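One file, data.tsv, carrying TSV, C-alpha atoms:
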```
chain	number	residue	atom	x	y	z
A	1	MET	CA	0.00	0.00	0.00
A	2	LYS	CA	1.42	3.38	-1.02
A	3	VAL	CA	1.07	6.32	1.38
A	4	ARG	CA	1.99	9.74	0.01
A	5	VAL	CA	2.42	12.67	2.41
A	6	LEU	CA	0.86	15.73	0.79
A	7	GLY	CA	1.01	17.83	3.95
A	8	CYS	CA	2.00	17.32	7.58
A	9	SER	CA	2.13	20.78	9.12
A	10	GLY	CA	-0.10	22.31	11.77
A	11	ALA	CA	-0.38	25.58	9.83
A	12	ILE	CA	0.59	27.16	6.52
A	13	ALA	CA	3.88	28.90	5.78
A	14	GLN	CA	6.44	28.78	2.99
A	15	GLY	CA	7.11	25.10	2.33
A	16	CYS	CA	4.43	24.02	4.84
A	17	ARG	CA	1.20	22.28	3.88
A	18	THR	CA	-1.50	21.27	6.30
A	19	THR	CA	-2.21	17.63	6.93
A	20	SER	CA	-3.22	15.39	4.07
A	21	PHE	CA	-2.34	11.79	3.19
A	22	LEU	CA	-3.06	10.16	-0.17
A	23	ILE	CA	-3.57	6.40	0.07
A	24	GLU	CA	-3.10	4.33	-3.09
A	25	GLY	CA	-3.85	7.43	-5.17
A	26	ARG	CA	-7.59	7.10	-4.45
A	27	VAL	CA	-8.34	7.95	-0.82
A	28	LEU	CA	-7.52	11.16	1.06
A	29	ILE	CA	-7.21	11.00	4.82
A	30	ASP	CA	-7.45	14.58	5.96
A	31	ALA	CA	-7.52	16.96	3.05
A	32	GLY	CA	-5.61	20.05	4.01
A	33	THR	CA	-3.69	22.46	1.80
A	34	GLY	CA	-1.31	19.72	0.69
A	35	VAL	CA	-4.00	18.64	-1.76
A	36	GLY	CA	-3.16	21.76	-3.78
A	37	ASP	CA	0.12	20.18	-4.88
A	38	LEU	CA	-1.74	17.45	-6.78
A	39	THR	CA	-2.30	17.75	-10.49
A	40	LEU	CA	-5.88	18.02	-11.74
A	41	GLU	CA	-5.60	14.45	-13.04
A	42	GLU	CA	-4.45	13.21	-9.62
A	43	MET	CA	-7.32	15.06	-7.96
A	44	ARG	CA	-9.76	13.57	-10.43
A	45	GLN	CA	-8.73	10.05	-9.39
A	46	ILE	CA	-9.66	10.62	-5.75
A	47	ASP	CA	-12.87	8.83	-4.80
A	48	HIS	CA	-12.97	9.17	-1.04
A	49	VAL	CA	-11.96	11.91	1.36
A	50	ALA	CA	-12.19	12.03	5.12
A	51	ALA	CA	-12.47	15.83	5.30
A	52	LEU	CA	-13.10	18.17	2.39
A	53	PRO	CA	-10.85	20.95	1.05
A	54	LEU	CA	-11.72	23.33	-1.73
A	55	MET	CA	-10.63	20.88	-4.40
A	56	LEU	CA	-14.22	20.20	-5.44
A	57	ASP	CA	-14.34	23.42	-7.39
A	58	ALA	CA	-11.29	22.30	-9.37
A	59	VAL	CA	-12.38	18.79	-10.31
A	60	SER	CA	-16.18	18.61	-10.15
A	61	SER	CA	-16.61	19.23	-13.87
A	62	LEU	CA	-13.96	16.60	-14.70
A	63	ARG	CA	-15.67	13.68	-12.91
A	64	SER	CA	-18.52	11.42	-13.92
A	65	THR	CA	-19.13	10.19	-10.36
A	66	PRO	CA	-19.47	12.15	-7.10
A	67	VAL	CA	-16.69	12.48	-4.57
A	68	GLN	CA	-17.59	10.62	-1.37
A	69	VAL	CA	-16.97	12.48	1.89
A	70	HIS	CA	-16.70	10.12	4.87
A	71	ALA	CA	-16.94	11.96	8.18
A	72	LEU	CA	-18.64	12.02	11.55
A	73	SER	CA	-22.23	13.24	11.39
A	74	ALA	CA	-21.27	16.34	13.39
A	75	THR	CA	-18.49	17.14	10.92
A	76	ILE	CA	-20.84	16.79	7.96
A	77	ALA	CA	-23.34	19.07	9.69
A	78	ALA	CA	-20.63	21.66	10.26
A	79	LEU	CA	-19.54	21.53	6.61
A	80	GLN	CA	-23.11	22.00	5.47
A	81	ALA	CA	-23.80	24.84	7.91
A	82	HIS	CA	-20.59	26.79	7.65
A	83	VAL	CA	-18.80	25.95	4.38
A	84	PHE	CA	-21.05	24.49	1.70
A	85	ASN	CA	-24.01	26.67	2.66
A	86	ASN	CA	-24.57	28.59	-0.60
A	87	VAL	CA	-23.01	31.63	1.05
A	88	ILE	CA	-19.34	30.72	1.39
A	89	TRP	CA	-19.45	27.94	-1.25
A	90	PRO	CA	-22.25	26.22	-3.15
A	91	ASP	CA	-23.77	23.11	-1.63
A	92	PHE	CA	-22.00	20.56	-3.84
A	93	SER	CA	-24.22	17.81	-2.42
A	94	ARG	CA	-27.19	19.31	-4.30
A	95	ILE	CA	-25.69	20.35	-7.63
A	96	PRO	CA	-25.72	20.19	-10.55
A	97	SER	CA	-28.80	17.94	-10.26
A	98	ALA	CA	-30.29	15.22	-8.04
A	99	ALA	CA	-29.29	12.67	-10.66
A	100	ALA	CA	-25.69	13.86	-11.00
A	101	LEU	CA	-24.22	15.23	-7.77
A	102	PHE	CA	-20.69	16.52	-7.31
A	103	LEU	CA	-20.55	15.24	-3.73
A	104	ILE	CA	-22.24	12.72	-1.46
A	105	HIS	CA	-21.86	12.43	2.31
A	106	LYS	CA	-21.19	9.14	4.08
A	107	GLU	CA	-21.57	9.22	7.86
A	108	LEU	CA	-19.11	7.19	9.88
A	109	GLU	CA	-18.63	6.34	13.55
A	110	THR	CA	-15.68	5.56	15.78
A	111	ALA	CA	-14.65	1.88	15.59
A	112	GLN	CA	-16.43	1.49	12.23
A	113	ALA	CA	-14.73	-0.71	9.64
A	114	LEU	CA	-14.84	0.46	6.03
A	115	HIS	CA	-13.87	-1.21	2.78
A	116	LEU	CA	-13.15	1.40	0.10
A	117	VAL	CA	-11.53	0.85	-3.30
A	118	GLY	CA	-9.93	-2.36	-2.05
A	119	LEU	CA	-8.70	-0.86	1.23
A	120	ASP	CA	-9.63	-1.94	4.76
A	121	ILE	CA	-9.98	1.18	6.91
A	122	GLU	CA	-10.88	1.45	10.58
A	123	VAL	CA	-12.06	4.63	12.31
A	124	LEU	CA	-10.05	5.23	15.48
A	125	PRO	CA	-11.03	7.37	18.50
A	126	ALA	CA	-9.65	10.89	18.91
A	127	ILE	CA	-10.16	13.40	21.71
A	128	HIS	CA	-10.30	16.95	20.43
A	129	THR	CA	-12.13	20.24	20.93
A	130	VAL	CA	-14.28	19.47	17.88
A	131	PRO	CA	-15.50	16.08	16.64
A	132	ALA	CA	-12.49	14.21	15.27
A	133	VAL	CA	-11.21	10.72	14.55
A	134	GLY	CA	-8.03	8.91	13.62
A	135	TYR	CA	-7.68	6.15	11.05
A	136	ALA	CA	-5.95	2.83	10.51
A	137	VAL	CA	-5.50	1.39	7.01
A	138	ARG	CA	-4.39	-2.18	6.37
A	139	GLY	CA	-1.28	-2.53	4.21
A	140	ARG	CA	0.71	-5.53	3.08
A	141	SER	CA	3.15	-5.38	6.01
A	142	GLY	CA	0.67	-4.27	8.68
A	143	TRP	CA	-1.53	-1.30	9.51
A	144	TRP	CA	-0.77	2.36	8.85
A	145	ALA	CA	-2.22	4.21	11.85
A	146	TYR	CA	-2.86	7.94	12.22
A	147	SER	CA	-3.91	9.64	15.46
A	148	GLY	CA	-5.72	12.60	13.89
A	149	ASP	CA	-5.92	15.80	15.95
A	150	THR	CA	-6.03	14.58	19.53
A	151	GLY	CA	-5.09	15.14	23.12
A	152	PRO	CA	-4.31	12.30	25.56
A	153	ASN	CA	-6.31	9.33	24.36
A	154	PRO	CA	-6.22	5.97	26.23
A	155	ALA	CA	-8.82	4.40	23.91
A	156	PHE	CA	-6.56	5.01	20.92
A	157	TRP	CA	-3.73	3.02	22.48
A	158	GLN	CA	-6.04	0.25	23.57
A	159	ARG	CA	-6.97	-0.34	19.92
A	160	ILE	CA	-3.48	0.29	18.53
A	161	ASN	CA	-2.05	-2.41	20.80
A	162	GLN	CA	-4.51	-4.89	19.27
A	163	LEU	CA	-3.34	-4.22	15.71
A	164	PRO	CA	-0.10	-5.24	13.95
A	165	VAL	CA	0.90	-1.62	13.29
A	166	ALA	CA	3.64	-1.14	10.68
A	167	MET	CA	3.74	2.67	10.82
A	168	LEU	CA	2.32	5.11	13.37
A	169	VAL	CA	1.71	8.78	12.55
A	170	ILE	CA	0.95	10.91	15.61
A	171	GLU	CA	0.51	14.61	16.10
A	172	THR	CA	2.61	16.84	18.33
A	173	ALA	CA	1.29	20.32	17.63
A	174	PHE	CA	3.00	22.42	20.31
A	175	SER	CA	6.26	22.62	22.23
A	176	ASN	CA	6.42	22.08	25.98
A	177	HIS	CA	6.50	25.85	26.38
A	178	GLU	CA	2.93	25.90	25.04
A	179	SER	CA	1.70	23.02	27.21
A	180	ALA	CA	-1.23	25.01	28.60
A	181	LEU	CA	-2.40	25.88	25.10
A	182	ALA	CA	-1.95	22.27	23.97
A	183	GLN	CA	-4.08	21.10	26.90
A	184	ARG	CA	-6.85	23.62	26.22
A	185	SER	CA	-6.95	22.85	22.51
A	186	GLN	CA	-6.64	19.06	22.98
A	187	HIS	CA	-3.33	18.63	21.17
A	188	LEU	CA	-0.10	16.95	22.23
A	189	ALA	CA	3.20	18.48	23.29
A	190	PRO	CA	6.47	16.51	23.66
A	191	HIS	CA	5.95	15.69	27.35
A	192	THR	CA	2.39	14.43	26.73
A	193	LEU	CA	3.61	12.57	23.63
A	194	ALA	CA	6.06	10.74	25.91
A	195	GLN	CA	3.19	9.81	28.21
A	196	GLU	CA	1.13	8.61	25.27
A	197	LEU	CA	3.92	6.51	23.77
A	198	ALA	CA	4.48	4.87	27.15
A	199	GLN	CA	1.13	3.15	26.53
A	200	LEU	CA	2.37	1.55	23.30
A	201	ASN	CA	2.97	-2.18	23.67
A	202	PRO	CA	6.80	-2.55	23.85
A	203	GLY	CA	6.48	-6.00	22.34
A	204	ARG	CA	5.20	-4.47	19.09
A	205	PRO	CA	7.65	-1.69	18.19
A	206	CYS	CA	7.04	0.23	14.98
A	207	PRO	CA	8.38	3.38	13.30
A	208	ILE	CA	6.73	6.52	14.72
A	209	TYR	CA	6.36	9.69	12.65
A	210	ILE	CA	5.53	13.10	14.09
A	211	THR	CA	3.05	15.31	12.25
A	212	HIS	CA	1.06	18.55	12.71
A	213	THR	CA	3.84	20.63	14.29
A	214	LYS	CA	3.34	24.40	14.24
A	215	PRO	CA	5.87	25.91	11.79
A	216	SER	CA	7.11	28.50	14.32
A	217	GLU	CA	7.85	25.76	16.87
A	218	THR	CA	8.89	22.79	14.73
A	219	GLN	CA	12.60	22.97	15.54
A	220	LEU	CA	11.93	23.32	19.26
A	221	ILE	CA	9.44	20.45	19.19
A	222	VAL	CA	12.05	18.32	17.39
A	223	GLU	CA	14.67	19.08	20.04
A	224	GLN	CA	12.30	18.38	22.92
A	225	VAL	CA	11.09	15.10	21.46
A	226	ARG	CA	14.67	14.01	20.81
A	227	ARG	CA	15.45	14.47	24.47
A	228	PHE	CA	12.92	11.88	25.57
A	229	ASP	CA	13.63	9.77	22.50
A	230	ALA	CA	17.16	9.35	23.84
A	231	ILE	CA	15.75	7.75	26.99
A	232	THR	CA	15.36	4.02	26.48
A	233	HIS	CA	12.02	2.37	26.98
A	234	PRO	CA	11.87	1.08	30.57
A	235	SER	CA	10.66	-2.37	29.53
A	236	SER	CA	12.46	-3.18	26.28
A	237	GLY	CA	15.63	-1.14	26.76
A	238	GLU	CA	15.25	0.10	23.18
A	239	PRO	CA	14.85	3.77	22.22
A	240	HIS	CA	11.73	4.92	20.41
A	241	ASP	CA	12.08	4.96	16.63
A	242	ILE	CA	10.84	8.51	16.00
A	243	SER	CA	11.15	10.57	12.81
A	244	TRP	CA	9.53	13.69	11.36
A	245	LEU	CA	7.26	13.61	8.38
A	246	GLN	CA	8.04	15.77	5.37
A	247	ALA	CA	5.63	16.75	2.62
A	248	GLY	CA	6.44	14.71	-0.46
A	249	GLN	CA	7.54	11.58	1.38
A	250	GLU	CA	6.16	8.26	0.15
A	251	PHE	CA	5.94	5.02	2.09
A	252	GLU	CA	5.15	1.42	1.19
A	253	VAL	CA	3.24	-0.23	4.03
```
The structure in this file should be written as structure tokens.
Amino acid sequence: MKVRVLGCSGAIAQGCRTTSFLIEGRVLIDAGTGVGDLTLEEMRQIDHVAALPLMLDAVSSLRSTPVQVHALSATIAALQAHVFNNVIWPDFSRIPSAAALFLIHKELETAQALHLVGLDIEVLPAIHTVPAVGYAVRGRSGWWAYSGDTGPNPAFWQRINQLPVAMLVIETAFSNHESALAQRSQHLAPHTLAQELAQLNPGRPCPIYITHTKPSETQLIVEQVRRFDAITHPSSGEPHDISWLQAGQEFEV
């Protein structure tokens, strides 16, 4: 299974794209500004997205089938009320006609298992200030798992420890200096990331990739995470295998 990192930043800046992962060229998990680096033909191939960017305006006339938006019911309601409300943008789920829509909504729930374009996808729990989820996608060598936007989340680790995870992508949005802000906004900082990773089954180590860092704090976050990464795991004696995602990276899972 091919995973392409279109964006992995917590905000926009030169060279920074917000979170978006393209799976097998057909499914977007999170659809931030990184989608803008796709060609029109690549956008046209996308069948399923977990959250919707403004790419619909670019590709709607090029497709013969609607884009499917899979999201929590509360997220779909928010999109309809605040984005695709015929004030900010047209309601793509109603045009151009009932027989030929640009977009259809598919409600999902935490712990739901999906099978889309040959992919097995599971919806993972997230704890955030707005409705949010993470995802796991089955690859040939194991599961690719993504935390989504989340604060401390015991239920996430309970499920992760039941899966043969081959690659874990987890957010760390703020540095330790912004711990209070991270707590209020339900994001992780390096010290809470350490607490979260302590819940990972040491008998199932896997590569861990950090995403969603704020551009102004990325270097500091990197340094702070490296400090605890240098401390060996108390059970296995092995250090955590932690790296930083970069837009444009591709992985085979």
Contacts of Gly142 (chain A) at 7 Å (only C-alpha atoms; same-chain gap of 2+ positions) as an mmCIF file with C-alpha atoms, in the frame of the given file:
```cif
data_model
loop_
_atom_site.group_PDB
_atom_site.id
_atom_site.type_symbol
_atom_site.label_atom_id
_atom_site.label_comp_id
_atom_site.auth_asym_id
_atom_site.auth_seq_id
_atom_site.Cartn_x
_atom_site.Cartn_y
_atom_site.Cartn_z
ATOM 1 C CA ARG A 138 -4.390 -2.180 6.370
ATOM 2 C CA GLY A 139 -1.280 -2.530 4.210
ATOM 3 C CA ARG A 140 0.710 -5.530 3.080
ATOM 4 C CA TRP A 144 -0.770 2.360 8.850
ATOM 5 C CA PRO A 164 -0.100 -5.240 13.950
ATOM 6 C CA VAL A 165 0.900 -1.620 13.290
ATOM 7 C CA ALA A 166 3.640 -1.140 10.680
ATOM 8 C CA VAL A 253 3.240 -0.230 4.030
#
```
Item to complete: Fewer than 6 positions away in the same chain doesn't count, so skip those; otherwise give me all residues within 12 Å of Leu28 (chain A), counting only C-alpha atoms, as number ranges by chain.
Response: A: 3-7, 19-22, 34-35, 38, 42-53, 55, 67-71, 116-117, 121, 135, 137
re CA of Asp57 (chain A) and CA of Leu103 (chain A): distance 10.9 Å
Using all atoms listed in the file, find each residue of region 94-156 of chain A with at least one atom at most 12 Å away from an atom of region 199-216 of chain A; report its shortest atom-to-atom pair and that distance in Å (one decimal), sort the rows by chain and rising residue number, and return the result as CSV.
```
residue,atom,partner,partner_atom,distance
A:Ser141,CA,A:Cys206,CA,11.3
A:Gly142,CA,A:Cys206,CA,10.0
A:Trp143,CA,A:Cys206,CA,10.3
A:Trp144,CA,A:Cys206,CA,10.2
A:Ala145,CA,A:Ile208,CA,9.7
A:Tyr146,CA,A:Tyr209,CA,9.4
A:Ser147,CA,A:Thr211,CA,9.5
A:Gly148,CA,A:His212,CA,9.1
A:Asp149,CA,A:His212,CA,8.2
A:Thr150,CA,A:His212,CA,10.6
A:Pro152,CA,A:Gln199,CA,10.7
A:Asn153,CA,A:Gln199,CA,9.9
A:Pro154,CA,A:Gln199,CA,7.9
A:Ala155,CA,A:Gln199,CA,10.4
A:Phe156,CA,A:Gln199,CA,9.7
```
May I have the selected residues written with C-alpha atoms, as a PDB file, in the frame of the given file?
```
ATOM      1  CA  SER A 141       3.150  -5.380   6.010  1.00  0.00           C
ATOM      2  CA  GLY A 142       0.670  -4.270   8.680  1.00  0.00           C
ATOM      3  CA  TRP A 143      -1.530  -1.300   9.510  1.00  0.00           C
ATOM      4  CA  TRP A 144      -0.770   2.360   8.850  1.00  0.00           C
ATOM      5  CA  ALA A 145      -2.220   4.210  11.850  1.00  0.00           C
ATOM      6  CA  TYR A 146      -2.860   7.940  12.220  1.00  0.00           C
ATOM      7  CA  SER A 147      -3.910   9.640  15.460  1.00  0.00           C
ATOM      8  CA  GLY A 148      -5.720  12.600  13.890  1.00  0.00           C
ATOM      9  CA  ASP A 149      -5.920  15.800  15.950  1.00  0.00           C
ATOM     10  CA  THR A 150      -6.030  14.580  19.530  1.00  0.00           C
ATOM     11  CA  PRO A 152      -4.310  12.300  25.560  1.00  0.00           C
ATOM     12  CA  ASN A 153      -6.310   9.330  24.360  1.00  0.00           C
ATOM     13  CA  PRO A 154      -6.220   5.970  26.230  1.00  0.00           C
ATOM     14  CA  ALA A 155      -8.820   4.400  23.910  1.00  0.00           C
ATOM     15  CA  PHE A 156      -6.560   5.010  20.920  1.00  0.00           C
TER      16      PHE A 156
END
```
* For Pro96 (chain A), the nearest of the candidates A:Pro66, A:Ile242, A:Asn161, A:His128, counting all atoms listed in the file ->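 Selected residue with least distance to Pro96 (chain A): A:Pro66.
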Query raised in the report: Within 6 Å of (-22.9, 14.8, -0.3), in the coordinates the file gives, what residues turn up when you count all atoms listed in the file, written out as an MDAnalysis selection string?
Result: chainID A and resid 93 103:105
Between A:Ile221, A:Leu197, A:Ala111, A:Val59, smallest distance to Ser179 (chain A) by only C-alpha atoms belongs to A:Ile221
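Reported to one decimal place, the separation of CA of Cys16 (chain A) from CA of Leu62 (chain A) is 27.8 Å.
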**Asked** Looking at A:Ser97, A:Thr192, A:Thr75, A:Gln162, which one is nearest to Ala136 (chain A), with distances taken over all atoms listed in the file?
**Response**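 When distances to Ala136 (chain A) are compared using all atoms listed in the file, the smallest one comes from A:Gln162.
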Quick one: distance from CA of Val222 (chain A) to CA of Arg184 (chain A) in Å, one decimal?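 Computed distance, CA of Val222 (chain A) to CA of Arg184 (chain A), equals 21.5 Å.
Nearest-residue note for Lys2 (chain A): choosing from A:Thr110, A:Val133, A:Ser73, A:Leu119, the minimum distance belongs to A:Leu119, counting all atoms listed in the file.
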So which one's closest to Ala77 (chain A), A:Gly32, A:Pro131, A:Gly10, A:Gly25? Using only C-alpha atoms, please.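 The closest residue to Ala77 (chain A) is A:Pro131.
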Counting only C-alpha atoms, which residue out of A:Gly134, A:Pro190, A:Pro125, A:Gly118 sits closest to Gln158 (chain A)?
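Smallest separation from Gln158 (chain A) among the options: A:Pro125.
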* Asked: Near Trp89 (chain A), within 12 Å and counting all atoms listed in the file, which residues show up once chain neighbours fewer than 6 positions away are dropped, as a list in words?
  ->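 So, after excluding close chain neighbours, the residues are Pro53, Leu54, Met55, Leu56, Asp57, Leu79, Gln80, Ala81, His82, Val83 and Ile95 of chain A.
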